[in-house]
$ cat query.csv   # CSV, C-alpha atoms
chain,number,residue,atom,x,y,z
A,208,MET,CA,-33.0,-45.3,42.0
A,209,ILE,CA,-34.2,-47.4,45.0
A,210,GLU,CA,-31.9,-50.3,46.2
A,211,LEU,CA,-32.3,-53.4,48.3
A,212,ASP,CA,-31.6,-51.6,51.5
A,213,ASP,CA,-34.6,-49.3,50.9
A,214,VAL,CA,-36.8,-52.4,50.5
A,215,LEU,CA,-35.4,-54.1,53.6
A,216,ALA,CA,-36.0,-50.9,55.7
A,217,ALA,CA,-39.6,-50.8,54.3
A,218,ARG,CA,-40.2,-54.4,55.4
A,219,ASP,CA,-39.5,-53.4,59.0
A,220,ARG,CA,-41.9,-50.4,58.8
A,221,VAL,CA,-44.8,-52.3,57.3
A,222,ALA,CA,-44.4,-55.6,59.1
A,223,ASP,CA,-47.2,-55.0,61.6
A,224,VAL,CA,-49.7,-53.8,59.0
A,225,ALA,CA,-49.1,-55.8,55.7
A,226,ARG,CA,-49.7,-59.5,55.8
A,227,HIS,CA,-47.2,-62.1,54.4
A,228,THR,CA,-49.6,-63.4,51.7
A,229,PRO,CA,-49.5,-67.0,50.4
A,230,LEU,CA,-47.5,-68.3,47.5
A,231,ASP,CA,-49.4,-71.3,46.2
A,232,TYR,CA,-48.4,-73.9,43.6
A,233,SER,CA,-51.2,-74.3,41.1
A,234,HIS,CA,-51.7,-77.8,39.6
A,235,THR,CA,-54.4,-76.3,37.3
A,236,PHE,CA,-52.3,-73.6,35.7
A,237,SER,CA,-49.1,-75.7,35.6
A,238,ASP,CA,-51.0,-78.4,33.7
A,239,LEU,CA,-52.5,-75.8,31.3
A,240,THR,CA,-49.2,-74.1,30.5
A,241,GLY,CA,-46.5,-76.7,31.1
A,242,ALA,CA,-44.7,-74.4,33.4
A,243,ASP,CA,-44.3,-74.7,37.2
A,244,VAL,CA,-46.8,-72.0,38.2
A,245,HIS,CA,-46.9,-70.6,41.7
A,246,LEU,CA,-49.5,-67.9,42.3
A,247,LYS,CA,-48.6,-65.0,44.6
A,248,LEU,CA,-52.0,-64.4,46.2
A,249,GLU,CA,-51.6,-60.7,47.1
A,250,CYS,CA,-55.4,-60.5,46.5
A,251,PHE,CA,-55.6,-61.8,50.1
A,252,GLN,CA,-53.7,-58.8,51.4
A,253,ARG,CA,-55.3,-56.4,53.9
A,254,THR,CA,-57.5,-53.9,51.9
A,255,GLY,CA,-57.5,-56.4,49.1
A,256,SER,CA,-54.3,-55.3,47.3
A,257,PHE,CA,-50.6,-54.6,47.6
A,258,LYS,CA,-51.1,-50.9,48.0
A,259,ILE,CA,-51.1,-51.0,51.8
A,260,ARG,CA,-47.4,-51.8,51.7
A,261,GLY,CA,-46.2,-48.7,49.9
A,262,ALA,CA,-48.7,-46.4,51.7
A,263,THR,CA,-47.7,-47.5,55.1
A,264,ASN,CA,-44.0,-47.1,54.3
A,265,ARG,CA,-44.6,-43.6,53.0
A,266,ILE,CA,-46.7,-42.4,55.8
A,267,ARG,CA,-44.4,-43.8,58.5
A,268,THR,CA,-41.5,-41.7,57.0
A,269,LEU,CA,-43.4,-38.4,57.3
A,270,SER,CA,-42.1,-35.9,59.9
A,271,ASP,CA,-44.3,-35.0,62.9
A,272,ALA,CA,-45.3,-31.8,61.2
A,273,GLU,CA,-46.3,-33.5,58.0
A,274,GLN,CA,-48.3,-36.1,59.9
A,275,ALA,CA,-50.1,-33.4,61.8
A,276,ALA,CA,-51.0,-31.6,58.5
A,277,GLY,CA,-52.5,-34.8,57.0
A,278,VAL,CA,-52.1,-36.4,53.6
A,279,VAL,CA,-53.9,-36.3,50.3
A,280,THR,CA,-53.8,-38.7,47.3
A,281,ALA,CA,-55.5,-39.7,44.1
A,282,SER,CA,-56.5,-43.2,43.2
A,283,ALA,CA,-58.8,-45.4,41.2
A,284,GLY,CA,-59.4,-47.4,44.4
A,285,ASN,CA,-56.7,-49.7,45.7
A,286,HIS,CA,-54.2,-47.0,46.6
A,287,ALA,CA,-57.0,-45.1,48.1
A,288,GLN,CA,-57.8,-47.9,50.5
A,289,GLY,CA,-54.2,-48.4,51.3
A,290,VAL,CA,-53.6,-44.7,52.2
A,291,ALA,CA,-56.8,-44.6,54.2
A,292,LEU,CA,-55.9,-47.6,56.4
A,293,ALA,CA,-52.3,-46.7,56.7
A,294,ALA,CA,-53.2,-43.1,57.7
A,295,SER,CA,-55.7,-44.3,60.2
A,296,ARG,CA,-53.3,-46.7,61.7
A,297,SER,CA,-50.8,-43.9,62.2
A,298,GLY,CA,-53.4,-41.3,63.5
A,299,VAL,CA,-53.0,-39.2,60.3
A,300,ASP,CA,-56.0,-37.4,58.6
A,301,SER,CA,-56.4,-38.5,55.0
A,302,LYS,CA,-58.3,-37.1,52.0
A,303,VAL,CA,-58.6,-39.2,48.8
A,304,VAL,CA,-59.6,-37.9,45.3
A,305,MET,CA,-61.1,-40.7,43.2
A,306,PRO,CA,-62.4,-40.6,39.6
A,307,GLU,CA,-66.1,-40.0,39.3
A,308,ALA,CA,-66.5,-43.5,37.7
A,309,ALA,CA,-64.6,-45.3,40.4
A,310,PRO,CA,-66.2,-48.6,41.5
A,311,ILE,CA,-68.7,-48.0,44.3
A,312,SER,CA,-67.3,-50.9,46.3
A,313,LYS,CA,-63.9,-49.1,46.4
A,314,ILE,CA,-65.4,-45.8,47.3
A,315,LYS,CA,-67.3,-47.4,50.2
A,316,ALA,CA,-64.3,-49.3,51.3
A,317,THR,CA,-62.1,-46.2,51.3
A,318,LYS,CA,-64.5,-44.3,53.5
A,319,SER,CA,-64.8,-47.3,55.8
A,320,TYR,CA,-61.0,-47.1,56.4
A,321,GLY,CA,-61.4,-43.5,57.6
A,322,ALA,CA,-60.6,-41.3,54.6
A,323,GLU,CA,-62.6,-38.4,53.3
A,324,VAL,CA,-63.4,-39.2,49.7
A,325,VAL,CA,-63.7,-36.5,47.0
A,326,LEU,CA,-65.0,-37.6,43.5
A,327,HIS,CA,-63.4,-35.6,40.7
A,328,GLY,CA,-62.5,-36.2,37.0
A,329,VAL,CA,-63.0,-38.9,34.4
A,330,ASP,CA,-59.9,-40.9,35.2
A,331,TYR,CA,-56.9,-41.1,37.5
A,332,ASP,CA,-55.0,-38.3,35.9
A,333,GLU,CA,-57.8,-35.8,36.4
A,334,ALA,CA,-58.3,-36.9,39.9
A,335,GLN,CA,-54.5,-36.5,40.5
A,336,ALA,CA,-54.5,-32.9,39.3
A,337,HIS,CA,-57.3,-32.0,41.7
A,338,ALA,CA,-55.5,-33.8,44.6
A,339,HIS,CA,-52.5,-31.6,43.9
A,340,GLU,CA,-54.7,-28.5,44.1
A,341,LEU,CA,-55.9,-29.7,47.6
A,342,GLU,CA,-52.2,-30.3,48.5
A,343,GLU,CA,-51.5,-26.6,47.8
A,344,GLN,CA,-54.6,-25.3,49.4
A,345,GLU,CA,-54.6,-27.3,52.6
A,346,GLY,CA,-50.8,-27.9,53.2
A,347,ARG,CA,-51.2,-31.7,53.1
A,348,THR,CA,-48.5,-34.1,51.9
A,349,TYR,CA,-49.3,-35.7,48.7
A,350,VAL,CA,-48.9,-39.5,48.8
A,351,HIS,CA,-48.3,-40.6,45.2
A,352,ALA,CA,-49.8,-43.9,44.0
A,353,PHE,CA,-46.5,-45.0,42.4
A,354,ASP,CA,-44.0,-42.3,41.6
A,355,ASP,CA,-42.2,-42.2,45.0
A,356,GLU,CA,-39.2,-44.0,46.3
A,357,TYR,CA,-40.9,-44.9,49.6
A,358,ILE,CA,-43.9,-46.2,47.7
A,359,MET,CA,-41.7,-48.3,45.4
A,360,ALA,CA,-39.7,-49.7,48.4
A,361,GLY,CA,-42.9,-50.6,50.2
A,362,GLN,CA,-44.3,-52.5,47.3
A,363,GLY,CA,-40.9,-54.2,47.0
A,364,THR,CA,-41.6,-56.1,50.2
A,365,LEU,CA,-43.9,-58.3,48.1
A,366,GLY,CA,-40.8,-59.3,46.1
A,367,LEU,CA,-38.9,-60.1,49.3
A,368,GLU,CA,-41.7,-62.5,50.3
A,369,ILE,CA,-41.6,-64.2,46.9
A,370,VAL,CA,-37.9,-64.9,47.1
A,371,ASP,CA,-38.1,-66.0,50.7
A,372,ASP,CA,-40.8,-68.5,49.9
A,373,LEU,CA,-39.5,-69.7,46.5
A,374,PRO,CA,-35.7,-69.0,46.3
A,375,ASP,CA,-35.3,-71.0,43.0
A,376,LEU,CA,-37.9,-69.1,40.9
A,377,ASP,CA,-37.1,-68.4,37.3
A,378,THR,CA,-39.6,-65.7,36.3
A,379,VAL,CA,-41.9,-63.3,38.1
A,380,VAL,CA,-44.7,-61.7,36.2
A,381,VAL,CA,-46.0,-58.3,37.4
A,382,PRO,CA,-48.7,-55.9,36.3
A,383,ILE,CA,-47.7,-52.4,35.3
A,384,GLY,CA,-49.7,-49.3,35.7
A,385,GLY,CA,-47.5,-46.4,36.9
A,386,GLY,CA,-44.7,-48.8,37.7
A,387,GLY,CA,-44.5,-48.7,41.5
A,388,LEU,CA,-45.1,-52.4,42.1
A,389,ILE,CA,-42.8,-53.7,39.4
A,390,SER,CA,-40.0,-51.3,40.4
A,391,GLY,CA,-40.1,-52.6,44.0
A,392,ILE,CA,-40.4,-56.3,43.1
A,393,ALA,CA,-37.7,-56.1,40.4
A,394,THR,CA,-35.3,-54.4,42.9
A,395,ALA,CA,-35.9,-57.1,45.5
A,396,VAL,CA,-35.7,-60.2,43.2
A,397,LYS,CA,-32.8,-58.9,41.1
A,398,ALA,CA,-30.8,-58.3,44.3
A,399,HIS,CA,-31.6,-61.9,45.3
A,400,ASP,CA,-30.6,-63.3,41.9
A,401,PRO,CA,-29.8,-61.2,38.9
A,402,ASP,CA,-30.8,-64.1,36.6
A,403,VAL,CA,-34.4,-64.1,37.8
A,404,ARG,CA,-36.5,-62.8,34.9
A,405,VAL,CA,-38.9,-60.0,35.6
A,406,VAL,CA,-41.8,-59.6,33.0
A,407,GLY,CA,-44.1,-56.7,33.2
A,408,VAL,CA,-47.7,-56.8,31.8
A,409,GLN,CA,-49.9,-54.0,30.7
A,410,ALA,CA,-53.5,-53.9,29.4
A,411,GLU,CA,-53.6,-53.1,25.7
A,412,GLY,CA,-55.9,-50.2,26.4
A,413,ALA,CA,-53.4,-48.6,28.8
A,414,SER,CA,-50.0,-49.5,27.3
A,415,THR,CA,-47.4,-46.8,27.8
A,416,VAL,CA,-44.3,-48.6,29.0
A,417,ALA,CA,-43.3,-50.3,25.7
A,418,ARG,CA,-43.6,-47.0,23.9
A,419,SER,CA,-41.7,-45.3,26.7
A,420,LEU,CA,-38.8,-47.8,26.4
A,421,ASP,CA,-38.7,-47.3,22.7
A,422,LYS,CA,-38.5,-43.5,23.1
A,423,GLY,CA,-36.1,-43.6,26.0
A,424,GLY,CA,-38.4,-41.7,28.4
A,425,PRO,CA,-41.9,-41.7,29.9
A,426,GLN,CA,-44.5,-41.3,27.2
A,427,SER,CA,-48.2,-40.4,27.7
A,428,VAL,CA,-51.4,-41.6,26.0
A,429,ASP,CA,-54.5,-39.3,25.6
A,430,SER,CA,-56.9,-41.8,27.2
A,431,VAL,CA,-57.1,-45.3,28.7
A,432,ASP,CA,-59.7,-48.0,28.1
A,433,THR,CA,-59.5,-51.3,30.0
A,434,ILE,CA,-61.4,-53.4,32.5
A,435,ALA,CA,-58.2,-53.4,34.5
A,436,ASP,CA,-58.9,-50.1,36.3
A,437,GLY,CA,-56.1,-50.6,38.8
A,438,ILE,CA,-53.5,-50.2,36.0
A,439,ALA,CA,-55.4,-47.7,33.8
A,440,VAL,CA,-52.8,-45.0,33.9
A,441,ARG,CA,-51.9,-42.6,31.1
A,442,ARG,CA,-48.2,-42.3,31.9
A,443,VAL,CA,-45.5,-44.3,33.6
A,444,GLY,CA,-43.8,-42.6,36.5
A,445,GLU,CA,-40.7,-40.4,36.1
A,446,ARG,CA,-39.1,-42.2,39.0
A,447,THR,CA,-40.3,-45.7,38.2
A,448,PHE,CA,-39.3,-45.6,34.6
A,449,PRO,CA,-35.5,-45.7,35.2
A,450,VAL,CA,-36.0,-48.7,37.5
A,451,ILE,CA,-38.1,-50.5,34.9
A,452,ARG,CA,-35.6,-49.8,32.1
A,453,LYS,CA,-32.7,-51.1,34.3
A,454,ARG,CA,-34.3,-54.1,36.0
A,455,VAL,CA,-37.3,-55.3,34.0
A,456,ASP,CA,-36.4,-57.8,31.3
A,457,GLU,CA,-39.5,-57.7,29.1
A,458,VAL,CA,-42.9,-55.9,28.9
A,459,VAL,CA,-45.9,-57.4,27.2
A,460,THR,CA,-49.6,-56.6,26.8
A,461,VAL,CA,-52.8,-58.5,27.1
A,462,SER,CA,-56.3,-57.7,25.8
A,463,ASP,CA,-59.4,-57.2,27.9
A,464,ASP,CA,-60.8,-60.5,26.5
A,465,GLU,CA,-57.7,-62.3,27.7
A,466,ILE,CA,-57.9,-60.7,31.1
A,467,ALA,CA,-61.5,-61.7,31.4
A,468,THR,CA,-60.7,-65.3,30.5
A,469,ALA,CA,-57.9,-65.5,33.1
A,470,LEU,CA,-60.2,-64.0,35.7
A,471,VAL,CA,-62.9,-66.5,35.0
A,472,LEU,CA,-60.4,-69.4,35.2
A,473,LEU,CA,-59.0,-68.2,38.5
A,474,LEU,CA,-62.6,-67.9,39.9
A,475,GLU,CA,-63.8,-71.3,38.6
A,476,ARG,CA,-60.6,-73.4,38.7
A,477,GLY,CA,-58.5,-71.7,41.3
A,478,LYS,CA,-61.4,-70.6,43.6
A,479,THR,CA,-59.7,-67.2,43.7
A,480,LEU,CA,-61.4,-63.8,43.1
A,481,VAL,CA,-59.1,-61.1,41.6
A,482,GLU,CA,-59.7,-57.8,39.8
A,483,GLY,CA,-58.7,-57.1,36.3
A,484,ALA,CA,-55.3,-55.8,37.1
A,485,GLY,CA,-54.7,-58.8,39.3
A,486,ALA,CA,-55.5,-61.2,36.4
A,487,THR,CA,-53.1,-59.7,33.9
A,488,PRO,CA,-50.0,-61.6,34.9
A,489,LEU,CA,-51.8,-65.0,34.6
A,490,ALA,CA,-53.3,-63.9,31.3
A,491,ALA,CA,-49.9,-63.2,30.0
A,492,VAL,CA,-48.7,-66.7,31.0
A,493,LEU,CA,-51.8,-68.4,29.6
A,494,GLU,CA,-51.7,-66.5,26.3
A,495,ASP,CA,-47.9,-67.2,25.7
A,496,THR,CA,-47.2,-63.5,25.4
A,497,PHE,CA,-43.6,-64.2,26.4
A,498,ASP,CA,-41.5,-67.2,25.8
A,499,TYR,CA,-41.0,-69.7,28.6
A,500,GLU,CA,-39.7,-73.3,28.8
A,501,GLU,CA,-41.4,-76.5,29.9
A,502,GLY,CA,-41.1,-76.7,33.7
A,503,GLU,CA,-40.0,-73.1,34.2
A,504,THR,CA,-40.9,-71.8,37.6
A,505,ILE,CA,-43.1,-68.8,37.1
A,506,VAL,CA,-44.7,-66.6,39.7
A,507,PRO,CA,-47.7,-64.4,38.5
A,508,ALA,CA,-48.3,-61.7,41.1
A,509,LEU,CA,-52.0,-61.5,41.6
A,510,CYS,CA,-51.9,-58.0,42.9
A,511,GLY,CA,-55.5,-57.3,44.0
A,512,GLY,CA,-59.0,-58.6,44.5
A,513,ASN,CA,-61.1,-55.5,44.7
A,514,ILE,CA,-63.4,-55.9,41.7
A,515,ASP,CA,-66.8,-54.2,41.5
A,516,LEU,CA,-69.7,-56.7,41.4
A,517,ASN,CA,-71.3,-55.1,38.4
A,518,LEU,CA,-68.1,-55.3,36.5
A,519,LEU,CA,-67.5,-58.9,37.7
A,520,THR,CA,-70.9,-59.9,36.2
A,521,THR,CA,-69.9,-58.5,32.8
A,522,VAL,CA,-66.4,-60.0,33.0
A,523,ILE,CA,-67.7,-63.4,33.8
A,524,MET,CA,-70.1,-63.4,30.9
A,525,ARG,CA,-67.3,-62.2,28.5
A,526,GLY,CA,-65.0,-64.9,29.9
A,527,LEU,CA,-67.7,-67.5,29.3
A,528,VAL,CA,-68.2,-66.3,25.8
A,529,ASP,CA,-64.5,-66.4,25.0
A,530,GLN,CA,-64.3,-70.0,26.3
A,531,GLY,CA,-67.2,-71.1,24.3
A,532,ARG,CA,-69.3,-71.6,27.4
A,533,TYR,CA,-72.0,-69.1,26.3
A,534,VAL,CA,-73.0,-68.2,22.8
A,535,LYS,CA,-75.8,-66.1,21.2
A,536,VAL,CA,-77.1,-67.1,17.8
A,537,ARG,CA,-79.6,-65.7,15.3
A,538,THR,CA,-81.8,-67.5,12.7
A,539,VAL,CA,-84.9,-66.8,10.7
A,540,LEU,CA,-87.8,-69.3,10.7
A,541,LYS,CA,-90.9,-69.7,8.7
A,542,ASP,CA,-93.7,-68.3,10.7
A,543,ARG,CA,-95.8,-71.5,11.0
A,544,PRO,CA,-96.6,-73.9,13.8
A,545,GLY,CA,-93.8,-76.3,14.7
A,546,SER,CA,-90.9,-74.3,13.1
A,547,LEU,CA,-89.5,-73.2,16.5
A,548,ASN,CA,-89.9,-76.7,17.9
A,549,ASP,CA,-87.9,-78.1,15.0
A,550,LEU,CA,-85.0,-75.8,15.9
A,551,LEU,CA,-85.2,-76.5,19.6
A,552,ASP,CA,-85.2,-80.3,18.9
A,553,VAL,CA,-81.7,-79.8,17.3
A,554,VAL,CA,-80.5,-77.8,20.3
A,555,ALA,CA,-81.8,-80.4,22.7
A,556,ASP,CA,-80.2,-83.2,20.7
A,557,GLU,CA,-76.8,-81.5,21.0
A,558,ARG,CA,-77.3,-81.3,24.8
A,559,VAL,CA,-77.2,-77.5,24.8
A,560,ASN,CA,-79.0,-75.6,27.6
A,561,ILE,CA,-81.2,-72.6,26.5
A,562,TYR,CA,-80.6,-69.6,28.7
A,563,ALA,CA,-83.0,-67.2,26.8
A,564,ILE,CA,-85.1,-67.0,23.7
A,565,GLN,CA,-86.2,-63.8,21.8
A,566,HIS,CA,-88.9,-64.3,19.2
A,567,ASP,CA,-89.5,-61.3,16.9
A,568,ARG,CA,-92.0,-61.0,14.0
A,569,THR,CA,-91.6,-57.2,13.6
A,570,ASN,CA,-88.1,-57.0,12.1
A,571,ARG,CA,-88.6,-55.2,8.8
A,572,ASP,CA,-85.4,-56.9,7.4
A,573,ILE,CA,-87.2,-60.3,7.2
A,574,ALA,CA,-90.1,-61.5,5.1
A,575,MET,CA,-93.7,-61.0,6.2
A,576,ASN,CA,-94.1,-64.8,6.7
A,577,ALA,CA,-91.0,-65.2,8.7
A,578,THR,CA,-89.9,-64.7,12.3
A,579,GLU,CA,-86.5,-63.9,13.8
A,580,VAL,CA,-85.2,-66.0,16.7
A,581,GLU,CA,-82.3,-65.2,18.9
A,582,LEU,CA,-81.1,-67.9,21.3
A,583,ASP,CA,-78.8,-67.4,24.3
A,584,LEU,CA,-77.1,-70.8,24.9
A,585,GLU,CA,-75.0,-72.4,27.5
A,586,THR,CA,-72.4,-74.7,25.9
A,587,ARG,CA,-69.3,-76.7,26.9
A,588,GLY,CA,-66.6,-75.2,24.8
A,589,PRO,CA,-65.6,-74.1,21.3
A,590,GLU,CA,-65.9,-77.7,19.9
A,591,HIS,CA,-69.4,-78.0,21.3
A,592,VAL,CA,-70.3,-74.7,19.7
A,593,ASP,CA,-68.9,-75.7,16.3
A,594,GLY,CA,-70.8,-79.1,16.5
A,595,LEU,CA,-74.0,-77.3,17.3
A,596,LEU,CA,-73.7,-74.8,14.4
A,597,ASP,CA,-72.9,-77.6,12.0
A,598,ARG,CA,-75.9,-79.6,13.1
A,599,ILE,CA,-78.2,-76.5,12.8
A,600,ARG,CA,-77.0,-75.8,9.3
A,601,GLU,CA,-77.4,-79.5,8.3
A,602,GLU,CA,-81.0,-79.3,9.3
A,603,GLY,CA,-81.5,-76.4,6.8
A,604,PHE,CA,-81.4,-73.4,9.1
A,605,GLU,CA,-79.3,-70.4,8.3
A,606,VAL,CA,-77.6,-69.3,11.5
A,607,THR,CA,-75.5,-66.3,12.5
A,608,VAL,CA,-73.3,-66.2,15.6
A,609,LEU,CA,-73.8,-62.9,17.4
A,610,ASN,CA,-71.1,-63.6,19.9
A,611,GLY,CA,-68.9,-66.6,20.3
A,612,PRO,CA,-65.6,-67.9,21.5
A,613,ARG,CA,-62.2,-66.3,20.7
A,614,PRO,CA,-60.2,-68.3,18.1
A,615,GLN,CA,-58.1,-70.8,19.9
A,616,ASN,CA,-54.2,-70.5,19.7
$ encode --input "query.csv" --output "structure tokens"
Amino acid sequence: MIELDDVLAARDRVADVARHTPLDYSHTFSDLTGADVHLKLECFQRTGSFKIRGATNRIRTLSDAEQAAGVVTASAGNHAQGVALAASRSGVDSKVVMPEAAPISKIKATKSYGAEVVLHGVDYDEAQAHAHELEEQEGRTYVHAFDDEYIMAGQGTLGLEIVDDLPDLDTVVVPIGGGGLISGIATAVKAHDPDVRVVGVQAEGASTVARSLDKGGPQSVDSVDTIADGIAVRRVGERTFPVIRKRVDEVVTVSDDEIATALVLLLERGKTLVEGAGATPLAAVLEDTFDYEEGETIVPALCGGNIDLNLLTTVIMRGLVDQGRYVKVRTVLKDRPGSLNDLLDVVADERVNIYAIQHDRTNRDIAMNATEVELDLETRGPEHVDGLLDRIREEGFEVTVLNGPRPQN
């Protein structure tokens, strides 16, 4: 069980590498939630995530012999970059095993920081197993992504920054994958004030902690499925779990749709780019997944900003759909001159922008004298979508929504 002294010692070791990242009050998200929301912008950290903190602390505690033998680790991307840079800064050779489907941006970044990258396995757990094989074969020290006291203590330096910058906070909201970050932050903030609430957030497709708390020990899932690849872990750590059980007040989950909505809002309203894992704390606040009071001072820890551009495109579109900003509809028209124009007149009258049209006479599920039309539309929100659909139906068209906004709370 790590304690405050471990985190304080880590702060001295990582001070010349890890940046003290901003803690910014957000008018936007305070207005949206009624809380007093301050965003911990760890997405601005060197390498784009908090992982440089724990990796630096671990590598700087290695013996001379261990440093000479080099290190090996497994990671979906952020820990990989943290280990690569921390090792390079200490003159230590590093080898990183990443899942075969790891984002190309993270693979390139890891190589650029000086590590040798090995692609192996379908997810973090398979990559980790191969990394342990290399540990045995090559005599390297394995630097765990989360289940290590030095890693936890290093991540806890983020918690020290939060309480230094905002001593009177009420609640801190932290993503959970394997548990290294929340273990460190909870240790730091609870030592500052035991009444500060620590809320952990997992993605629904990688939720192990609630089940582990119910069972009294770390539990595994067979697979994980979430856009938040940074917390897509099958099992919470053996060392992190006792810290979570003792110092974390509540653990909640958010869906990928909710994560996408938070990410889009951060990008559009906060001018801040985060990855899926980094958006989960704000998603939990926006979706009221835990109870908080009007004016409560809440700090969502936006833990990383390394999102793959291909995934970002998909997430943005999903987020726009969920907000009612983009909708796809289908209708069937009589195949005669002017029918499509009649439909488009309705769309224009409702001030809806047409992104794309697909016009298909070959669908065998419609009559020979009909044509199927799909419209991709840019709209202004759920009420605008509902008004458009009502107007289309009033004009005699049958319309089906192929994708549309999430039901509002």
$ residues_around --input "query.csv" --residues "Thr280 of chain A" --least-positions-apart "5" --cutoff "12 Å" --atoms "only C-alpha atoms" --output "JSON, numbers by chain"
{"A": [262, 265, 266, 285, 286, 287, 288, 289, 290, 291, 294, 300, 301, 302, 303, 304, 305, 306, 317, 322, 323, 324, 325, 326, 331, 332, 333, 334, 335, 336, 337, 338, 339, 340, 341, 342, 347, 348, 349, 350, 351, 352, 353, 354]}
$ residues_near_point --input "query.csv" --point "(-57.5, -51.6, 37.6)" --cutoff "7 Å" --atoms "all atoms listed in the file" --output "list in words"
Ile434, Ala435, Asp436, Gly437, Ile438, Ala439, Glu482, Gly483 and Ala484 of chain A
$ atom_distance --input "query.csv" --atom1 "atom CA of Arg543 of chain A" --atom2 "atom CA of Leu584 of chain A"
23.3 Å
$ closest_residue --input "query.csv" --among "A:Lys247, A:His327, A:Arg253, A:His227" --to "Ala281 of chain A" --atoms "all atoms listed in the file"
A:His327
$ closest_residue --input "query.csv" --among "A:Glu411, A:Glu210, A:Glu343, A:Asp375" --to "Gly361 of chain A" --atoms "all atoms listed in the file"
A:Glu210
$ atom_distance --input "query.csv" --atom1 "atom CA of Ala276 of chain A" --atom2 "atom CA of Pro310 of chain A"
28.4 Å
$ atom_distance --input "query.csv" --atom1 "atom CA of Asn264 of chain A" --atom2 "atom CA of Gln362 of chain A"
8.8 Å
$ residues_around --input "query.csv" --residues "Thr364 of chain A" --least-positions-apart "3" --cutoff "10 Å" --atoms "all atoms listed in the file" --output "PyMOL selection string"
chain A and resi 211+213-219+221-222+225+227+257+260-261+359-361+367-369+388+391-392+394-395
$ residues_around --input "query.csv" --residues "Ser237 of chain A" --least-positions-apart "3" --cutoff "12 Å" --atoms "all atoms listed in the file" --output "ChimeraX atom specification"
/A:231-234,240-246,477,489,492-493,500-507
$ closest_residue --input "query.csv" --among "A:Val370, A:Leu269, A:Leu582, A:Ala309" --to "Ile514 of chain A" --atoms "all atoms listed in the file"
A:Ala309
$ residues_near_point --input "query.csv" --point "(-71.0, -81.4, 19.9)" --cutoff "12 Å" --atoms "all atoms listed in the file" --output "PDB file with C-alpha atoms, keeping the file's coordinate frame"
ATOM      1  CA  GLY A 531     -67.200 -71.100  24.300  1.00  0.00           C
ATOM      2  CA  VAL A 553     -81.700 -79.800  17.300  1.00  0.00           C
ATOM      3  CA  VAL A 554     -80.500 -77.800  20.300  1.00  0.00           C
ATOM      4  CA  ALA A 555     -81.800 -80.400  22.700  1.00  0.00           C
ATOM      5  CA  ASP A 556     -80.200 -83.200  20.700  1.00  0.00           C
ATOM      6  CA  GLU A 557     -76.800 -81.500  21.000  1.00  0.00           C
ATOM      7  CA  ARG A 558     -77.300 -81.300  24.800  1.00  0.00           C
ATOM      8  CA  VAL A 559     -77.200 -77.500  24.800  1.00  0.00           C
ATOM      9  CA  THR A 586     -72.400 -74.700  25.900  1.00  0.00           C
ATOM     10  CA  ARG A 587     -69.300 -76.700  26.900  1.00  0.00           C
ATOM     11  CA  GLY A 588     -66.600 -75.200  24.800  1.00  0.00           C
ATOM     12  CA  PRO A 589     -65.600 -74.100  21.300  1.00  0.00           C
ATOM     13  CA  GLU A 590     -65.900 -77.700  19.900  1.00  0.00           C
ATOM     14  CA  HIS A 591     -69.400 -78.000  21.300  1.00  0.00           C
ATOM     15  CA  VAL A 592     -70.300 -74.700  19.700  1.00  0.00           C
ATOM     16  CA  ASP A 593     -68.900 -75.700  16.300  1.00  0.00           C
ATOM     17  CA  GLY A 594     -70.800 -79.100  16.500  1.00  0.00           C
ATOM     18  CA  LEU A 595     -74.000 -77.300  17.300  1.00  0.00           C
ATOM     19  CA  LEU A 596     -73.700 -74.800  14.400  1.00  0.00           C
ATOM     20  CA  ASP A 597     -72.900 -77.600  12.000  1.00  0.00           C
ATOM     21  CA  ARG A 598     -75.900 -79.600  13.100  1.00  0.00           C
ATOM     22  CA  ILE A 599     -78.200 -76.500  12.800  1.00  0.00           C
TER      23      ILE A 599
END
$ closest_residue --input "query.csv" --among "A:Ala490, A:Leu519, A:Val580, A:Val471" --to "Arg532 of chain A" --atoms "only C-alpha atoms"
A:Val471
$ closest_residue --input "query.csv" --among "A:Lys535, A:Arg571, A:His566, A:Arg525" --to "Leu609 of chain A" --atoms "all atoms listed in the file"
A:Lys535
$ closest_residue --input "query.csv" --among "A:Arg613, A:Asp372, A:Glu579, A:Asp567" --to "Glu465 of chain A" --atoms "all atoms listed in the file"
A:Arg613
